[in-house]
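Source file: run21.cif. Holds: mmCIF, C-alpha atoms and all ligand atoms.
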```
data_structure
loop_
_atom_site.label_atom_id
_atom_site.label_comp_id
_atom_site.auth_asym_id
_atom_site.auth_seq_id
_atom_site.Cartn_x
_atom_site.Cartn_y
_atom_site.Cartn_z
CA MET O 233 0.00 0.00 0.00
CA ILE O 234 1.24 3.46 -0.90
CA LEU O 235 -0.49 6.06 1.19
CA VAL O 236 0.08 9.80 0.82
CA LEU O 237 -0.70 11.96 3.85
CA PHE O 238 -1.51 15.38 2.54
CA GLY O 239 -2.23 18.76 4.09
CA ALA O 240 -0.82 22.07 5.23
CA PRO O 241 2.06 22.26 7.72
CA GLY O 242 0.85 21.48 11.21
CA VAL O 243 -2.22 19.45 10.29
CA GLY O 244 -0.70 16.39 11.95
CA LYS O 245 0.67 14.45 8.99
CA GLY O 246 3.80 13.37 10.83
CA THR O 247 1.92 12.26 13.94
CA GLN O 248 -0.65 10.29 11.97
CA ALA O 249 1.95 8.84 9.59
CA ALA O 250 3.99 7.44 12.47
CA ILE O 251 0.94 5.80 14.07
CA LEU O 252 -0.29 4.39 10.77
CA ALA O 253 3.14 3.04 9.82
CA GLU O 254 3.26 1.20 13.13
CA LYS O 255 -0.30 -0.13 12.95
CA LEU O 256 -0.07 -1.16 9.30
CA GLY O 257 3.52 -2.39 9.47
CA VAL O 258 4.78 -0.30 6.57
CA ALA O 259 7.64 2.15 6.17
CA HIS O 260 7.21 5.87 6.82
CA LEU O 261 8.99 8.52 4.79
CA SER O 262 8.86 12.11 6.00
CA THR O 263 10.80 14.38 3.64
CA GLY O 264 10.89 17.03 6.40
CA ASP O 265 12.56 14.55 8.78
CA ALA O 266 14.90 13.44 6.00
CA PHE O 267 15.96 17.05 5.40
CA ARG O 268 16.43 17.78 9.09
CA ALA O 269 18.64 14.68 9.39
CA ALA O 270 20.62 15.68 6.30
CA ILE O 271 21.10 19.20 7.68
CA LYS O 272 22.22 17.86 11.04
CA ASN O 273 24.70 15.49 9.39
CA GLN O 274 25.85 18.24 7.04
CA THR O 275 25.47 16.09 3.94
CA GLU O 276 25.60 17.67 0.49
CA VAL O 277 21.79 17.62 0.26
CA GLY O 278 21.56 19.01 3.79
CA MET O 279 23.77 21.99 2.96
CA VAL O 280 21.56 22.90 -0.02
CA ALA O 281 18.30 22.29 1.87
CA LYS O 282 19.18 24.31 4.95
CA GLU O 283 18.35 27.83 3.75
CA TYR O 284 15.00 26.67 2.35
CA VAL O 285 13.94 24.73 5.44
CA ASP O 286 15.06 27.54 7.75
CA SER O 287 13.02 30.14 5.88
CA GLY O 288 9.97 27.94 5.23
CA LYS O 289 10.43 27.72 1.46
CA LEU O 290 10.14 24.54 -0.57
CA VAL O 291 13.41 22.77 -1.21
CA PRO O 292 13.95 22.64 -5.01
CA ASP O 293 12.30 19.66 -6.69
CA ASP O 294 15.56 18.13 -7.95
CA VAL O 295 16.98 18.08 -4.42
CA VAL O 296 13.76 16.56 -3.09
CA ALA O 297 13.93 13.91 -5.82
CA ARG O 298 17.43 12.94 -4.69
CA ILE O 299 16.44 12.39 -1.08
CA VAL O 300 13.24 10.54 -1.98
CA GLU O 301 14.94 8.25 -4.50
CA GLU O 302 17.60 7.41 -1.98
CA ALA O 303 15.06 6.67 0.76
CA MET O 304 12.69 4.70 -1.44
CA GLY O 305 15.53 2.54 -2.75
CA GLY O 306 15.63 0.88 0.69
CA GLU O 307 14.35 -2.67 1.20
CA GLN O 308 11.55 -1.60 3.51
CA PHE O 309 9.93 0.43 0.71
CA ALA O 310 9.64 -2.50 -1.69
CA THR O 311 6.00 -3.19 -0.91
CA GLY O 312 4.60 0.02 0.38
CA CYS O 313 4.97 3.07 2.51
CA ILE O 314 3.36 6.10 4.03
CA LEU O 315 4.53 9.35 2.48
CA ASP O 316 4.36 12.42 4.67
CA GLY O 317 5.23 15.84 3.26
CA PHE O 318 5.79 14.54 -0.26
CA PRO O 319 4.72 15.32 -2.95
CA ARG O 320 4.32 19.09 -2.50
CA THR O 321 4.43 20.22 -6.12
CA ARG O 322 3.09 18.90 -9.40
CA ALA O 323 6.66 18.12 -10.51
CA GLN O 324 7.10 16.03 -7.35
CA ALA O 325 3.81 14.24 -8.00
CA ASP O 326 5.02 13.35 -11.49
CA ALA O 327 8.39 12.20 -10.13
CA LEU O 328 6.58 10.01 -7.60
CA ASP O 329 4.45 8.42 -10.29
CA GLY O 330 7.63 7.64 -12.23
CA LEU O 331 9.38 6.14 -9.21
CA LEU O 332 6.38 4.01 -8.32
CA SER O 333 5.60 2.78 -11.79
CA ALA O 334 9.22 1.64 -12.17
CA LYS O 335 8.51 -0.66 -9.21
CA GLY O 336 5.10 -1.71 -10.52
CA LEU O 337 3.40 0.27 -7.75
CA SER O 338 0.90 3.12 -7.66
CA ILE O 339 -0.67 5.38 -5.04
CA SER O 340 -3.47 3.65 -3.11
CA LYS O 341 -4.95 6.71 -1.47
CA VAL O 342 -4.25 10.34 -0.70
CA ILE O 343 -5.57 11.40 2.70
CA ASN O 344 -6.04 15.15 3.06
CA LEU O 345 -6.02 16.26 6.70
CA GLU O 346 -8.00 19.47 7.16
CA VAL O 347 -7.31 21.98 9.94
CA ASP O 348 -8.00 25.73 9.87
CA ASP O 349 -5.04 28.15 9.74
CA GLU O 350 -5.47 29.66 13.21
CA THR O 351 -5.49 26.19 14.84
CA ILE O 352 -2.40 25.29 12.80
CA ILE O 353 -0.52 28.39 13.93
CA GLY O 354 -1.43 27.69 17.56
CA ARG O 355 -0.21 24.08 17.30
CA LEU O 356 3.08 24.97 15.62
CA LEU O 357 3.88 27.80 18.03
CA GLN O 358 3.43 25.30 20.81
CA ARG O 359 5.67 22.73 19.09
CA GLY O 360 8.42 25.33 18.77
CA ARG O 361 10.70 23.70 16.17
CA ALA O 362 13.34 26.08 14.72
CA ASP O 363 11.06 26.87 11.75
CA ASP O 364 7.98 27.26 13.97
CA GLN O 365 8.12 31.03 14.44
CA GLU O 366 5.04 32.94 13.47
CA ASP O 367 6.46 34.72 10.39
CA ILE O 368 8.04 31.51 9.07
CA ILE O 369 4.82 29.55 9.77
CA ARG O 370 2.81 32.12 7.80
CA ASN O 371 5.31 31.81 4.99
CA ARG O 372 4.95 28.00 5.00
CA LEU O 373 1.16 28.35 4.89
CA ASN O 374 1.41 30.75 1.93
CA VAL O 375 3.77 28.38 0.14
CA TYR O 376 1.35 25.51 0.84
CA ASN O 377 -1.59 27.45 -0.62
CA ALA O 378 0.33 28.56 -3.70
CA GLU O 379 2.36 25.48 -4.58
CA THR O 380 0.96 22.42 -2.82
CA ALA O 381 -2.80 22.92 -2.52
CA PRO O 382 -3.26 22.71 -6.33
CA LEU O 383 -2.41 19.01 -5.99
CA LEU O 384 -5.77 18.54 -4.24
CA GLU O 385 -7.50 19.01 -7.56
CA TYR O 386 -4.99 16.79 -9.32
CA TYR O 387 -5.54 13.86 -6.93
CA THR O 388 -9.29 14.44 -6.81
CA GLY O 389 -9.27 14.11 -10.59
CA LYS O 390 -7.51 10.77 -10.26
CA GLY O 391 -10.14 9.60 -7.78
CA LEU O 392 -7.51 9.15 -5.06
CA LEU O 393 -8.31 11.91 -2.59
CA THR O 394 -10.28 11.66 0.64
CA SER O 395 -10.47 14.55 3.10
CA VAL O 396 -10.48 13.97 6.84
CA ASN O 397 -11.20 16.40 9.66
CA GLY O 398 -7.84 16.81 11.42
CA ILE O 399 -9.22 18.60 14.47
CA GLY O 400 -9.62 16.56 17.64
CA GLU O 401 -7.57 14.13 19.72
CA VAL O 402 -4.77 12.28 17.93
CA ASP O 403 -6.57 8.95 18.47
CA GLU O 404 -9.84 10.32 17.20
CA VAL O 405 -8.22 11.59 13.98
CA ASN O 406 -6.44 8.26 13.63
CA GLN O 407 -9.74 6.37 13.83
CA ARG O 408 -11.14 8.60 11.08
CA VAL O 409 -8.18 7.79 8.86
CA LEU O 410 -8.33 4.06 9.59
CA ALA O 411 -12.06 4.07 8.80
CA ILE O 412 -11.22 5.30 5.29
CA LEU O 413 -8.62 2.60 4.79
CA SER O 414 -10.79 -0.30 5.90
P1 LIG O 501 5.65 20.96 8.00
O1 LIG O 501 4.71 20.04 7.30
O2 LIG O 501 5.23 21.26 9.42
O3 LIG O 501 5.99 22.19 7.21
P2 LIG O 501 7.89 19.26 7.35
O4 LIG O 501 8.79 18.59 8.32
O5 LIG O 501 7.03 18.39 6.48
O6 LIG O 501 7.02 20.23 8.23
O7 LIG O 501 8.72 20.21 6.38
C1 LIG O 501 9.64 21.15 6.88
C2 LIG O 501 10.36 21.86 5.72
O8 LIG O 501 11.10 20.89 4.93
C3 LIG O 501 9.45 22.56 4.72
O9 LIG O 501 9.09 23.86 5.13
C4 LIG O 501 10.37 22.57 3.47
O10 LIG O 501 11.35 23.57 3.56
C5 LIG O 501 11.08 21.23 3.55
N1 LIG O 501 10.36 20.16 2.81
C6 LIG O 501 9.82 19.04 3.34
N2 LIG O 501 9.26 18.27 2.39
C7 LIG O 501 9.43 18.94 1.22
C8 LIG O 501 9.07 18.68 -0.14
N3 LIG O 501 8.41 17.57 -0.49
N4 LIG O 501 9.41 19.60 -1.07
C9 LIG O 501 10.08 20.71 -0.75
N5 LIG O 501 10.45 21.01 0.49
C10 LIG O 501 10.14 20.14 1.48
#
```

Could you quickly redo this structure as structure tokens?
Ligand code: ADP
Amino acid sequence: MILVLFGAPGVGKGTQAAILAEKLGVAHLSTGDAFRAAIKNQTEVGMVAKEYVDSGKLVPDDVVARIVEEAMGGEQFATGCILDGFPRTRAQADALDGLLSAKGLSISKVINLEVDDETIIGRLLQRGRADDQEDIIRNRLNVYNAETAPLLEYYTGKGLLTSVNGIGEVDEVNQRVLAILS
């Protein structure tokens, strides 16, 4: 199963992806986590990604492709995975289709977690990661609306998208997602 968790920053993709990966026994790929690890380890990709991540901009598609290809080459991705934070642009969606079709796989479902902007800002300010300062959060939300949200229409057109209310307890949201998958 290839599941894409979709939604604005702070909707809870990472939290839900981790729970689902555990419950379903599949791999979890968070491009945000992958970039933070690369930055910490000062890899070549990390050095390029740093200024984008720090300012809340999208890392260029070719750099994203490198980190995703590397991650998805791993054994644990052979049969399926949960993607969190990828794809975020149409070019990334096309790259994903290419990667998957080369393995004889395709996206099973795209789950769109929905949370209003003010709730998102409140959650992220509380989380307090380095890029969770109000001006950077607002920038990430603008980038989401401009560059990532158009994918909603793309995946709706493919019949893959289901929206889920992301407001509520973590468990409650998780039950909503699981209900869609069963
Ligand atoms: P959030 O969803 O809260 O913004 P992430 O950990 O998913 O947090 O992403 C953090 C940052 O990593 C983004 O603001 C962006 O700079 C970079 N990033 C993550 N995934 C992608 C991607 N698919 N394309 C471009 N940049 C990405």

Give the residue list for ligand LIG 501 (chain O) at 9 Å, counting all atoms listed in the file, as a ChimeraX atom specification, sorted by chain and then by residue number.
/O:239-246,262-268,281-293,295-297,300,316-321,324,356,363-364,368-369,371-373,375-376

Atom CA of Val236 of chain O to atom CA of Leu332 of chain O, straight-line distance in Å:
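Pair atom CA of Leu332 of chain O / atom CA of Val236 of chain O returns 12.5 Å.
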
May I ask for the distance between atom CA of Thr311 of chain O and atom CA of Leu331 of chain O, given in Å to one decimal place?
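Separating atom CA of Thr311 of chain O from atom CA of Leu331 of chain O is a distance of 12.9 Å.
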
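Contact shell of segment 339-350 of chain O at 7 Å (all atoms listed in the file; same-chain neighbours under 4 positions omitted): Met233, Ile234, Leu235, Val236, Leu237, Phe238, Gly239, Val243, Gly354, Leu392, Leu393, Thr394, Ser395, Val396, Asn397, Gly398 and Ile399 of chain O.
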
Taking only C-alpha atoms into account, name the residue in O:Thr275, O:Ile299, O:Leu410, O:Leu337 that is nearest to Ala253 of chain O.
O:Leu410

Counting only C-alpha atoms, the residue of O:Ala362, O:Val405, O:Val258, O:Leu252 that sits nearest Phe309 of chain O
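The closest residue to Phe309 of chain O is O:Val258.
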
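Closest approach to Cys313 of chain O among O:Gly391, O:Gly278, O:Gly257, O:Gly400: O:Gly257, based on all atoms listed in the file.
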
Which of O:His260, O:Arg322, O:Arg359, O:Lys272 sits closest to Gly306 of chain O [using only C-alpha atoms]:
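Closest to Gly306 of chain O of all the choices is O:His260.
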
As AutoDock Vina command-line options, please report the centre and edge lengths, rounded to one decimal in Å, of the axis-aligned box that holds all listed atoms of segment 309-327 of chain O with 4 Å of padding on each of the six sides.
```
--center_x 6.5 --center_y 8.5 --center_z -3.4 --size_x 14.8 --size_y 31.4 --size_z 24.2
```

I'd like the interatomic distance between atom CA of Asn406 of chain O and atom CA of Thr247 of chain O, to a tenth of an Å.
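Answer for the atom CA of Asn406 of chain O to atom CA of Thr247 of chain O separation: 9.3 Å.
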
Top pick for closest residue to Ile314 of chain O, considering O:Glu254, O:Asp294, O:Glu385, O:Asp403 and counting all atoms listed in the file:
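Once distances to Ile314 of chain O are computed over all atoms listed in the file, the minimum belongs to O:Glu254.
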